[in-house]
Structure formats: C-alpha cells, structure tokens
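Participant: Got a structure for you, written out below as structure tokens; questions coming shortly.
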Amino acid sequence: MSEPVNNGRDSFSSRFAVIAAVAGSAIGLGNIWRFPYLTGENGGAAFLIVYLIIVISIGIPVMISEFIIGRAGQKNPYGSFKALAPGKPWYVIGLMGVVAAFMILAFYTTVSGWTLEYFYQGLTGNLSGKTDAELTVMFDVFLKSSFRPILWFIIFMGFTALIILSGVKEGIERYTKFLMPMLFIILIALCIRSLTLKGAGEGLRFLFYPDFSKITSKVVLEALGQAFFSLSIGMGTLITYGSYINKRENLGISALLVCLADTSVAVLAGIAIFPAVFALGGSPASGTGLVFIVLPGIFQKMPLGGFFQLIFFILLAVAALTSTISVLEVIVAYLAEELKMTRRKATIAATLMVSVLGIITVLSLGSLGNFKIFEKNIFGILEYLTSNIMLPVGGLFIVLFIGWSFSPQRTKSELTNEGKVKAGYLPVFMFIVKFVAPVAIALVFLYSLGII
Ligand code: PHE
C-alpha cells in the first residue's frame, strides 16, 4: 500500500510500518540492558514506579510533541524548528539533538558491539559450562581487551551506516517489521524460565514490591533520564521520524502504542532478569554488566539454552541496530538537508566522526580507564550527560514549544489530521505540555541539583 509522499519526502508506508520503525527506535539496549541495570542499582520497585509515572505523565506527551513538530516541519529537528518558528532561537534544541546523537551513538554502539561478542562466544560454545564468577571475569577481560570491543564497534557502526545508506523506507521498514515481534517472543520464553527457577520469588518482590524510602533525588533523576532514553525522546529522533509519517496516521495513537510496547519490553526484561539474579545468588546492583553476566547463566539452565542464547543475542543486536539507525538518521538528515551534502557523503562523514568518539569510548573501559571526571570514565560521562541532562532539557523545550509557542490551531490540526480523526484527549494534552511536563522536568532538575 503506497501512500502519497509528504511533499516529495520519503515516508513510511503504513500505520504498522510507522509503529514498527518508532518502536524499533525505542526498543533496544535501553530496555534490555539499561533498564534492568538501573532498576537494580536504584532500589527495584521504587524505581519502576517512578519510571512508570514519568512515562505516562511526561514521556507520552513529549513523544506526541515531537511527532507534531516533525510532521508539521517536514525536516530534521533543526530544520523543522526553523520552518515552524522562523527567526526564533528554538532551532538550538535541534542542534543540541544532533550533538546528543553523536554522544549517544558513541556509547550505545559500544554496548551493541558487546551483543555481537556474546553472540560469537555463544556460537563458539565459550559461554557454556561457566559459573557466574567465570562469566563475570569473562565480561571484564573482554572489556579491557580493547581490540575486540573496537572491532565489534566498527562492524556495528558499519551495519548502521549501510542501512542508513539504503534510505528510510527500504532500510528501516524492512528489518523492523518482523524482527521486533520475534524479540518479544524470546523475552517471554526467558521470563518463563527465570520465573520457574527456585528462589525466583525474591526477584519478583524486588521488582514489584516497592520500598518507598528508596526514592531519592538520584533515583528520580535516573528514572527521568531512563524514560527519555528508552522512549528515544528529547533529541529529535522522533521529530525526524515524525517528518516521515504520512498525513493520515493518528499521531496520538501511534505514540500511545509505542510507549506501551516499549514499557512492556522493559518490564519483561526485568521479569527475565531479577528472579534469575536472586535465584542464582547474584547482586542486582552489578552495573552495566548485569545482563551480559546474568543471562548466559540462565540460558545454561534452559533446555536448548545454547540455541536460545544465540537467537537472543542476535535479536538484541538487531533491536540495537534499529535504534542506532534512528540516532544516525538524525545526524544524516541534518547534514543532508542543512549542509546540503548528499545522503551518501553525510552518512560517511557522520560515521567517521562517531567512530573516533566511539573508539575513545571503548578505550575508556580499558586502557583509558584512569581518566575520570566526577568519578566517571568517558563512557559513563557520555551516558550520564545525554540521558540525564541533554534529553530531559531537550524534552523540556520541546513541550514548552508546543505548549507556548506553536499555534494551538496547528497542534489541533496535526492531532486530528485536519479534522479527520478524533483527538478527545487534546485539552489534557495541552494542559500537560503547558504546565505539568515542564514543571515536573524542572522540579526534578532543581531537586537533583540540591536547589530545592
Ligand atoms: N531508545 C533506544 C533504546 O532504548 C535508545 C535511543 C535513545 C534511541 C535516544 C534514539 C534516541 O535502546
């Protein structure tokens, strides 16, 4: 079913393709690697509750706002703001998004490379028969070895660039449509195994039974950052994708479905991991290595575990890939549309620049590990700055733009497709983007900085 294209721009071909592409961007390492490790470090259920509140009250409205800006502006984030608010400085948000895209790609592709390593190690049988202690050592040795993580980084970046080169429809749609549902199914299998381990109840308790005294300003800031990171919002990825959504799609429903899918995958990942962590005697707060150490442990206790392990890590790599392409697309769309480069040149330039920063990031977990700022290595700094600061600041200005600067008439027309579909939630949406979301984001910041 081919749609009339938006002003001659490439666009997604159907509702399902839109949702698959946006969900492909949203669902990735953020859900399966980052969400469990942050939940583990920040008190389990207490973190989950704060996270859910933020997704509903801030995440969904920011996502809808990005769709509106993209579909109305018909350009990359910078260009869309320029088109919608000529002569005003809103485009700075778009620029910040492009910078954030570089930074995110550097550490995200690093972790994506780990999934390839684990696929490879699974293939060669190196993960089987290992105790948890051995798996921990293995992860550490791999990170510090530098050569292999760099190699995987480059391979992964190469795949990302190749898909971007083949364009939005061909490149993005084709892969996301059937691979995402497969990941979902494997995750459910993992949950079943994890839940049937002896001692699994303790893990469920950790994930779902909140101890409210655990909620500190750090927990709230981490949950805010994770919500933005996981939903791919705050840096213009969804402005860019929004510009490829055709005029017939229902933006509100699309956003709702994507947020639902994204959150379900995160919770499923939690259910797969925590019962196993407790049953196998690990610590929930083991940081960035959590899934890479715990999951191979669970696979060993599953019938056909070795086989499932391979499928899992390859699907995780694909989920990461559908996210990295959405981040690289932000930079490429910017370079191509604003600096008038060809898509090919833009892709090559962006890939090379990201690779330099990426290799430094990989090394920061090995030989450059002693270089620290505020006790964080470069990997940690990039992760912290982007998720906890740049994305929420971007999101703050995105809702402020829709709430206070953009014409309410045009917002209405985008959300109702010029009166063709209903958007009964419009008044609530406007109230949230005007007041609730900006105040909430600002409060989290002030609170974390110790100002209130
Ligand atoms: N949302 C992606 C994930 O959860 C990561 C991402 C962040 C993608 C920001 C785009 C923009 O894996």
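As shown in the structure tokens, the chain order sets the letters A, B, ...; within each chain, residues go from 1, and ligands are also counted from 1 in the order they appear.
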Would you give me, as JSON lines, each residue of chain A having an atom within 9 Å of an atom of ligand 1, along with its shortest atom pair and that distance in Å to one decimal, using only C-alpha atoms and all ligand atoms and sorting by chain and residue number?
Facilitator:
```
{"residue": "A:Ala23", "atom": "CA", "partner": "ligand 1", "partner_atom_place_in_ligand_line": "1 (N)", "distance": 8.5}
{"residue": "A:Gly24", "atom": "CA", "partner": "ligand 1", "partner_atom_place_in_ligand_line": "2 (C)", "distance": 8.2}
{"residue": "A:Ser25", "atom": "CA", "partner": "ligand 1", "partner_atom_place_in_ligand_line": "8 (C)", "distance": 5.3}
{"residue": "A:Ala26", "atom": "CA", "partner": "ligand 1", "partner_atom_place_in_ligand_line": "1 (N)", "distance": 3.7}
{"residue": "A:Ile27", "atom": "CA", "partner": "ligand 1", "partner_atom_place_in_ligand_line": "4 (O)", "distance": 4.8}
{"residue": "A:Gly28", "atom": "CA", "partner": "ligand 1", "partner_atom_place_in_ligand_line": "12 (O)", "distance": 3.3}
{"residue": "A:Leu29", "atom": "CA", "partner": "ligand 1", "partner_atom_place_in_ligand_line": "12 (O)", "distance": 4.0}
{"residue": "A:Gly30", "atom": "CA", "partner": "ligand 1", "partner_atom_place_in_ligand_line": "4 (O)", "distance": 3.2}
{"residue": "A:Asn31", "atom": "CA", "partner": "ligand 1", "partner_atom_place_in_ligand_line": "4 (O)", "distance": 5.2}
{"residue": "A:Ile32", "atom": "CA", "partner": "ligand 1", "partner_atom_place_in_ligand_line": "12 (O)", "distance": 7.9}
{"residue": "A:Trp33", "atom": "CA", "partner": "ligand 1", "partner_atom_place_in_ligand_line": "12 (O)", "distance": 8.3}
{"residue": "A:Arg34", "atom": "CA", "partner": "ligand 1", "partner_atom_place_in_ligand_line": "4 (O)", "distance": 7.8}
{"residue": "A:Phe35", "atom": "CA", "partner": "ligand 1", "partner_atom_place_in_ligand_line": "4 (O)", "distance": 8.5}
{"residue": "A:Ala100", "atom": "CA", "partner": "ligand 1", "partner_atom_place_in_ligand_line": "9 (C)", "distance": 8.4}
{"residue": "A:Ala101", "atom": "CA", "partner": "ligand 1", "partner_atom_place_in_ligand_line": "11 (C)", "distance": 7.1}
{"residue": "A:Ile104", "atom": "CA", "partner": "ligand 1", "partner_atom_place_in_ligand_line": "9 (C)", "distance": 6.9}
{"residue": "A:Leu105", "atom": "CA", "partner": "ligand 1", "partner_atom_place_in_ligand_line": "6 (C)", "distance": 8.6}
{"residue": "A:Tyr108", "atom": "CA", "partner": "ligand 1", "partner_atom_place_in_ligand_line": "5 (C)", "distance": 7.6}
{"residue": "A:Gln226", "atom": "CA", "partner": "ligand 1", "partner_atom_place_in_ligand_line": "4 (O)", "distance": 8.4}
{"residue": "A:Ala227", "atom": "CA", "partner": "ligand 1", "partner_atom_place_in_ligand_line": "1 (N)", "distance": 8.7}
{"residue": "A:Phe228", "atom": "CA", "partner": "ligand 1", "partner_atom_place_in_ligand_line": "9 (C)", "distance": 7.3}
{"residue": "A:Phe229", "atom": "CA", "partner": "ligand 1", "partner_atom_place_in_ligand_line": "7 (C)", "distance": 4.4}
{"residue": "A:Ser230", "atom": "CA", "partner": "ligand 1", "partner_atom_place_in_ligand_line": "4 (O)", "distance": 3.6}
{"residue": "A:Leu231", "atom": "CA", "partner": "ligand 1", "partner_atom_place_in_ligand_line": "1 (N)", "distance": 4.8}
{"residue": "A:Ser232", "atom": "CA", "partner": "ligand 1", "partner_atom_place_in_ligand_line": "11 (C)", "distance": 3.7}
{"residue": "A:Ile233", "atom": "CA", "partner": "ligand 1", "partner_atom_place_in_ligand_line": "9 (C)", "distance": 6.1}
{"residue": "A:Gly234", "atom": "CA", "partner": "ligand 1", "partner_atom_place_in_ligand_line": "9 (C)", "distance": 7.7}
{"residue": "A:Met235", "atom": "CA", "partner": "ligand 1", "partner_atom_place_in_ligand_line": "11 (C)", "distance": 6.7}
{"residue": "A:Gly236", "atom": "CA", "partner": "ligand 1", "partner_atom_place_in_ligand_line": "11 (C)", "distance": 7.8}
{"residue": "A:Thr237", "atom": "CA", "partner": "ligand 1", "partner_atom_place_in_ligand_line": "11 (C)", "distance": 5.7}
{"residue": "A:Leu238", "atom": "CA", "partner": "ligand 1", "partner_atom_place_in_ligand_line": "11 (C)", "distance": 8.1}
{"residue": "A:Asp262", "atom": "CA", "partner": "ligand 1", "partner_atom_place_in_ligand_line": "4 (O)", "distance": 7.9}
{"residue": "A:Ala266", "atom": "CA", "partner": "ligand 1", "partner_atom_place_in_ligand_line": "4 (O)", "distance": 8.9}
{"residue": "A:Ala319", "atom": "CA", "partner": "ligand 1", "partner_atom_place_in_ligand_line": "12 (O)", "distance": 7.5}
{"residue": "A:Ala320", "atom": "CA", "partner": "ligand 1", "partner_atom_place_in_ligand_line": "12 (O)", "distance": 6.1}
{"residue": "A:Thr322", "atom": "CA", "partner": "ligand 1", "partner_atom_place_in_ligand_line": "8 (C)", "distance": 8.5}
{"residue": "A:Ser323", "atom": "CA", "partner": "ligand 1", "partner_atom_place_in_ligand_line": "8 (C)", "distance": 4.8}
{"residue": "A:Thr324", "atom": "CA", "partner": "ligand 1", "partner_atom_place_in_ligand_line": "8 (C)", "distance": 6.4}
{"residue": "A:Ile325", "atom": "CA", "partner": "ligand 1", "partner_atom_place_in_ligand_line": "10 (C)", "distance": 8.4}
{"residue": "A:Ser326", "atom": "CA", "partner": "ligand 1", "partner_atom_place_in_ligand_line": "10 (C)", "distance": 5.8}
{"residue": "A:Val327", "atom": "CA", "partner": "ligand 1", "partner_atom_place_in_ligand_line": "10 (C)", "distance": 5.0}
{"residue": "A:Leu328", "atom": "CA", "partner": "ligand 1", "partner_atom_place_in_ligand_line": "10 (C)", "distance": 8.7}
{"residue": "A:Thr386", "atom": "CA", "partner": "ligand 1", "partner_atom_place_in_ligand_line": "9 (C)", "distance": 8.6}
{"residue": "A:Ser387", "atom": "CA", "partner": "ligand 1", "partner_atom_place_in_ligand_line": "7 (C)", "distance": 8.0}
{"residue": "A:Leu391", "atom": "CA", "partner": "ligand 1", "partner_atom_place_in_ligand_line": "9 (C)", "distance": 8.0}
```
Participant: Do you know which residues are at most 10 Å from Val55 in chain A counting only C-alpha atoms, after dropping those on the same chain fewer than 2 positions away, and could you put them as a VMD selection string?
Facilitator: chain A and resid 49 to 53 57 to 63 223 to 224 226 to 228 230 to 231 259 to 260 263
Participant: Compile the contact shell of range 431-444 of chain A as a ChimeraX atom specification: residues with an atom at most 10 Å away, counting only C-alpha atoms, same-chain residues fewer than 6 positions apart removed.
Facilitator: /A:54,57-59,61-62,64-65,217-218,220-222,224,392-393,395-404,450-452
Participant: Determine which residues of range 145-301 of chain A DSSP labels as helix (DSSP H, G or I) from the backbone of this structure, then write them out as a count of residues only.
Facilitator: 123
Participant: One decimal, Å: what's the distance from CA of Asn246 in chain A over to CA of Met180 in chain A, could you say?
Facilitator: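 Taking CA of Asn246 in chain A and CA of Met180 in chain A, their separation equals 21.9 Å.
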Participant: Could you pull the residues within 8 Å of range 410-417 of chain A, counting only C-alpha atoms, minus those fewer than 4 positions along the same chain, as a PyMOL selection string?
Facilitator: chain A and resi 68+71-72+247-252+402+406+421-423+426
Participant: For the residues selected in the previous step, produce a file with all heavy atoms as a compact mmCIF listing (two decimals), in the first residue's frame.
Facilitator:
```txt
# COMPACT_ATOMS: atom_id res chain seq x y z
N ILE A 68 4.42 15.94 16.29
CA ILE A 68 3.78 17.13 15.72
C ILE A 68 4.82 18.01 15.04
O ILE A 68 4.64 18.44 13.89
CB ILE A 68 3.06 17.95 16.83
CG1 ILE A 68 1.92 17.13 17.44
CG2 ILE A 68 2.56 19.28 16.29
CD1 ILE A 68 1.24 17.81 18.62
N ARG A 71 6.14 16.25 11.82
CA ARG A 71 5.23 16.13 10.69
C ARG A 71 4.83 17.50 10.15
O ARG A 71 4.61 17.69 8.97
CB ARG A 71 4.00 15.30 11.04
CG ARG A 71 3.32 14.83 9.75
CD ARG A 71 2.26 13.81 9.98
NE ARG A 71 1.15 14.36 10.75
CZ ARG A 71 0.02 13.70 10.97
NH1 ARG A 71 -0.13 12.48 10.48
NH2 ARG A 71 -0.94 14.24 11.68
N ALA A 72 4.75 18.49 11.07
CA ALA A 72 4.41 19.83 10.59
C ALA A 72 5.63 20.48 9.94
O ALA A 72 5.50 21.21 8.96
CB ALA A 72 3.90 20.69 11.75
N LYS A 247 0.41 11.93 6.32
CA LYS A 247 -0.62 12.78 6.94
C LYS A 247 -1.84 12.02 7.42
O LYS A 247 -2.71 12.60 8.06
CB LYS A 247 -1.05 13.87 5.94
CG LYS A 247 0.06 14.83 5.53
CD LYS A 247 0.34 15.84 6.63
CE LYS A 247 1.46 16.80 6.23
NZ LYS A 247 2.05 17.49 7.38
N ARG A 248 -1.93 10.74 7.10
CA ARG A 248 -3.12 10.00 7.51
C ARG A 248 -2.97 9.29 8.84
O ARG A 248 -3.94 8.79 9.41
CB ARG A 248 -3.47 8.97 6.44
CG ARG A 248 -4.04 9.58 5.18
CD ARG A 248 -5.12 8.70 4.59
NE ARG A 248 -4.76 7.30 4.68
CZ ARG A 248 -4.66 6.50 3.63
NH1 ARG A 248 -4.86 6.96 2.43
NH2 ARG A 248 -4.36 5.22 3.78
N GLU A 249 -1.73 9.19 9.34
CA GLU A 249 -1.54 8.45 10.59
C GLU A 249 -2.05 9.24 11.80
O GLU A 249 -1.93 10.46 11.85
CB GLU A 249 -0.07 8.11 10.82
CG GLU A 249 0.56 7.23 9.78
CD GLU A 249 -0.25 5.99 9.47
OE1 GLU A 249 -0.95 5.48 10.37
OE2 GLU A 249 -0.21 5.56 8.31
N ASN A 250 -2.54 8.49 12.77
CA ASN A 250 -3.01 9.11 14.00
C ASN A 250 -1.83 9.21 14.98
O ASN A 250 -1.35 8.21 15.50
CB ASN A 250 -4.12 8.23 14.57
CG ASN A 250 -4.81 8.87 15.74
OD1 ASN A 250 -4.16 9.54 16.55
ND2 ASN A 250 -6.10 8.66 15.84
N LEU A 251 -1.36 10.44 15.20
CA LEU A 251 -0.13 10.62 15.98
C LEU A 251 -0.30 10.18 17.43
O LEU A 251 0.59 9.56 18.02
CB LEU A 251 0.33 12.08 15.93
CG LEU A 251 0.69 12.61 14.53
CD1 LEU A 251 1.20 14.04 14.62
CD2 LEU A 251 1.72 11.72 13.85
N GLY A 252 -1.46 10.52 18.02
CA GLY A 252 -1.68 10.19 19.43
C GLY A 252 -1.67 8.69 19.65
O GLY A 252 -1.01 8.17 20.56
N ILE A 402 5.62 23.43 22.07
CA ILE A 402 4.24 23.09 21.69
C ILE A 402 3.24 23.79 22.61
O ILE A 402 2.20 24.28 22.18
CB ILE A 402 4.03 21.55 21.73
CG1 ILE A 402 4.86 20.89 20.62
CG2 ILE A 402 2.57 21.18 21.58
CD1 ILE A 402 4.41 21.22 19.21
N PHE A 406 3.99 27.27 19.64
CA PHE A 406 3.36 26.79 18.42
C PHE A 406 1.86 27.11 18.45
O PHE A 406 1.25 27.16 19.51
CB PHE A 406 3.57 25.28 18.34
CG PHE A 406 3.31 24.68 17.00
CD1 PHE A 406 3.93 25.19 15.86
CD2 PHE A 406 2.46 23.59 16.87
CE1 PHE A 406 3.70 24.62 14.62
CE2 PHE A 406 2.23 23.02 15.63
CZ PHE A 406 2.84 23.53 14.50
N VAL A 421 -9.73 12.73 12.16
CA VAL A 421 -9.84 11.77 13.26
C VAL A 421 -10.09 12.52 14.57
O VAL A 421 -9.84 13.72 14.66
CB VAL A 421 -8.57 10.89 13.41
CG1 VAL A 421 -8.35 10.04 12.19
CG2 VAL A 421 -7.34 11.74 13.70
N LYS A 422 -10.59 11.80 15.56
CA LYS A 422 -10.88 12.46 16.84
C LYS A 422 -9.64 12.53 17.71
O LYS A 422 -8.77 11.67 17.65
CB LYS A 422 -11.94 11.64 17.58
CG LYS A 422 -13.31 11.75 16.99
CD LYS A 422 -14.35 11.62 18.14
CE LYS A 422 -15.76 11.74 17.61
NZ LYS A 422 -16.16 10.55 16.83
N ALA A 423 -9.57 13.58 18.52
CA ALA A 423 -8.49 13.65 19.50
C ALA A 423 -9.07 14.25 20.76
O ALA A 423 -8.78 15.38 21.14
CB ALA A 423 -7.33 14.49 18.97
N LEU A 426 -7.18 16.11 23.53
CA LEU A 426 -6.46 17.35 23.24
C LEU A 426 -6.34 18.32 24.43
O LEU A 426 -5.25 18.80 24.73
CB LEU A 426 -7.10 18.05 22.04
CG LEU A 426 -6.29 19.22 21.49
CD1 LEU A 426 -5.04 18.73 20.79
CD2 LEU A 426 -7.13 20.04 20.52
```
Participant: Which residues are close to Ala133 in chain A, i.e. within 12 Å by only C-alpha atoms, leaving aside same-chain residues fewer than 3 positions away? Reply as a compact mmCIF listing (two decimals) with C-alpha atoms, in the first residue's frame.
Facilitator:
```
# COMPACT_ATOMS: atom_id res chain seq x y z
CA GLY A 129 29.53 -24.61 31.45
CA LYS A 130 30.71 -21.36 33.02
CA THR A 136 31.91 -12.07 35.43
CA VAL A 137 35.62 -12.45 34.80
CA MET A 138 34.96 -13.13 31.14
CA PHE A 139 33.00 -9.89 30.77
CA ASP A 140 35.74 -7.89 32.48
CA LEU A 280 21.33 -17.71 41.15
CA GLY A 281 22.74 -15.68 44.01
CA GLY A 282 23.93 -12.60 42.08
CA SER A 283 23.64 -8.97 43.06
CA ILE A 293 26.59 -11.87 33.11
CA VAL A 294 23.18 -13.00 34.32
CA PRO A 296 24.20 -16.54 29.96
CA GLY A 297 23.75 -18.03 33.43
```
Participant: Any idea what's packed within 9 Å of Leu116 in chain A, counting only C-alpha atoms, ignoring anything in its chain fewer than 4 positions away? Could you give it as JSON, numbers by chain?
Facilitator: {"A": [112, 120, 121, 152, 156, 313, 314, 316, 317]}
